[in-house]
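This report concerns only the one structure given below.
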Amino acid sequence: MRDRPAGLAEAELMVALTEGWGIEPHSVEYLPVGAGSYHWSVVDQRGTAWFVKVDDLGVEDVGRDGAFDRLGRSLGAALALRRDAGLDFVLAPIPTVTDVAVRRLTSRYALSVFPMVAGAAGHFGVHRPEDRVEVIDLLAELHEATPIVADAAPRADLVLPARDKLEEALRDLDRRWTDGPCAEPARKLLSVHAGQVRRLLADFDRRVDQVRNTAAVWVVTHGEPHPGNVMRTPAGLRLIDWGTVQIAPPERDLWMLTPALARMLGKDPVGDDDVLVRYTRATGRTVTPATLDLYPLWWRLADIAIFVDELRRPHGTGEDIAASLHYLTGYLEAGQD
């Protein structure tokens, strides 16, 4: 995120670090990286560096407690995967002094702390062919650890986030949107592609109906194992950003290792489905095409819904809101009628 979180003073962050983790900050630097969360580099009085993350629980009060609970269960599962399942590639949060993975910072924001690890992550996009085998092996190991967190991690409900906001926007295309400089351009864009979006929603519902009956074989999933969440370190690969952990179909992770991600991004497909054969040999799990096809659609529609909701709300100028309009345009125009 390029813009800093609205209504959050850095002093609040510093107090919470001391109270929650015993970290006494010496220097603080905001890091305009990633998407969906806010990040800082903090060096404490002893010279130890920490990676500090703030998650937005929602603009509206309603739903924040539920969002905090889900985030806590996801990050708690990551902590258990590292400590109890022994998965060293899980870059889990540092627990607080009360041994929880995340702390409520304000009504709107939640705070978690991670070790500062030497290494480099990639960028959102398609995995390089030479990386796909390494990542599929990590995912197979992760999925095999399901019994450790089966009762703790949140379970996928297959509900599209912000769907109600998207459907409300589709019903509100006949009047001008006036809540910010990007609102009216978003309305015009969605108006052109409204039919396409409605068809995608109907297709999503059909696919979800096919997937619900597979719940007995769901596993613990990372949710977003794209190159931006894979870090190469001197100790080996690490998976980062565990805030979306769920018990879900394994295809929730696996589709990002297939040509489906390239197609969704409007790029030439890279590689083939050989990694899925490797996964099946490692785990004994059969990958189903119907479930594999659900998740690129889920990702695309979830982003469309979230961006539309952001663009309809009151907003000013800034890099993040401009990026929302840019990415919404890309999603809609990539699948023109």
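Labels used: A, B, ... for chains in the order of the structure tokens, numbers from 1 for residues in each chain, and numbers from 1 for ligands as shown.
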
| Which neighbours of Glu29 of chain A fall inside 8 Å, counting only C-alpha atoms, when residues of the same chain fewer than 4 positions from it are skipped, and could you give them as a ChimeraX atom specification? | /A:40-42

Please build the interface table for segment 231-316 of chain A against segment 90-109 of chain A with a cut-off of 9 Å, listing for each qualifying residue the nearest atom pair and the distance in Å to one decimal; count only C-alpha atoms, order rows by chain and increasing number, and write it as a tab-separated table.
residue	atom	partner	partner_atom	distance
A:Arg238	CA	A:Val90	CA	6.0
A:Leu239	CA	A:Val90	CA	5.4
A:Ile240	CA	A:Leu91	CA	5.3
A:Asp241	CA	A:Leu91	CA	7.8
A:Trp242	CA	A:Ala92	CA	7.3

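In this comparison, which uses only C-alpha atoms, the residue of A:Gly76, A:Gly63, A:Pro181, A:Gly7 approaching Arg312 of chain A most closely is A:Pro181.
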
| query | as a PyMOL selection string, which residues of segment 37-178 of chain A does DSSP assign to helix (DSSP H, G or I)? | reply | chain A and resi 64-83+129-144+146-149+163-170

Write out as a PDB file with N, CA and C atoms, in the first residue's frame which residues come within 9 Å of Leu311 of chain A when counting only C-alpha atoms, dropping same-chain ones fewer than 5 positions away.
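Here's the written file around.pdb:
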ATOM      1  N   ASP A 179     -18.987  10.238  -5.128  1.00  0.00           N
ATOM      2  CA  ASP A 179     -18.286  10.209  -3.844  1.00  0.00           C
ATOM      3  C   ASP A 179     -16.771  10.304  -3.948  1.00  0.00           C
ATOM      4  N   GLY A 180     -16.251  10.637  -5.113  1.00  0.00           N
ATOM      5  CA  GLY A 180     -14.810  10.806  -5.260  1.00  0.00           C
ATOM      6  C   GLY A 180     -14.430  10.905  -6.721  1.00  0.00           C
ATOM      7  N   PRO A 181     -13.209  11.327  -7.001  1.00  0.00           N
ATOM      8  CA  PRO A 181     -12.804  11.561  -8.393  1.00  0.00           C
ATOM      9  C   PRO A 181     -12.791  10.300  -9.258  1.00  0.00           C
ATOM     10  N   CYS A 182     -12.664   9.131  -8.644  1.00  0.00           N
ATOM     11  CA  CYS A 182     -12.625   7.888  -9.431  1.00  0.00           C
ATOM     12  C   CYS A 182     -13.982   7.189  -9.489  1.00  0.00           C
ATOM     13  N   ALA A 183     -14.994   7.738  -8.803  1.00  0.00           N
ATOM     14  CA  ALA A 183     -16.280   7.056  -8.710  1.00  0.00           C
ATOM     15  C   ALA A 183     -17.011   7.011 -10.049  1.00  0.00           C
ATOM     16  N   GLU A 184     -17.141   8.148 -10.698  1.00  0.00           N
ATOM     17  CA  GLU A 184     -17.878   8.196 -11.956  1.00  0.00           C
ATOM     18  C   GLU A 184     -17.169   7.427 -13.072  1.00  0.00           C
ATOM     19  N   ALA A 186     -15.502   4.783 -12.643  1.00  0.00           N
ATOM     20  CA  ALA A 186     -15.781   3.386 -12.303  1.00  0.00           C
ATOM     21  C   ALA A 186     -17.199   3.008 -12.716  1.00  0.00           C
ATOM     22  N   ARG A 187     -18.155   3.916 -12.503  1.00  0.00           N
ATOM     23  CA  ARG A 187     -19.543   3.627 -12.901  1.00  0.00           C
ATOM     24  C   ARG A 187     -19.637   3.427 -14.408  1.00  0.00           C
ATOM     25  N   ILE A 306     -14.304  -5.988  -4.661  1.00  0.00           N
ATOM     26  CA  ILE A 306     -13.603  -5.150  -3.690  1.00  0.00           C
ATOM     27  C   ILE A 306     -13.247  -3.792  -4.293  1.00  0.00           C
ATOM     28  N   ILE A 321      -6.134   4.479  -4.509  1.00  0.00           N
ATOM     29  CA  ILE A 321      -7.444   4.520  -5.152  1.00  0.00           C
ATOM     30  C   ILE A 321      -7.277   4.551  -6.673  1.00  0.00           C
ATOM     31  N   SER A 324      -6.740   1.046  -7.724  1.00  0.00           N
ATOM     32  CA  SER A 324      -7.979   0.268  -7.732  1.00  0.00           C
ATOM     33  C   SER A 324      -8.714   0.430  -9.058  1.00  0.00           C
ATOM     34  N   LEU A 325      -8.789   1.677  -9.552  1.00  0.00           N
ATOM     35  CA  LEU A 325      -9.450   1.909 -10.839  1.00  0.00           C
ATOM     36  C   LEU A 325      -8.666   1.256 -11.978  1.00  0.00           C
TER      37      LEU A 325
END
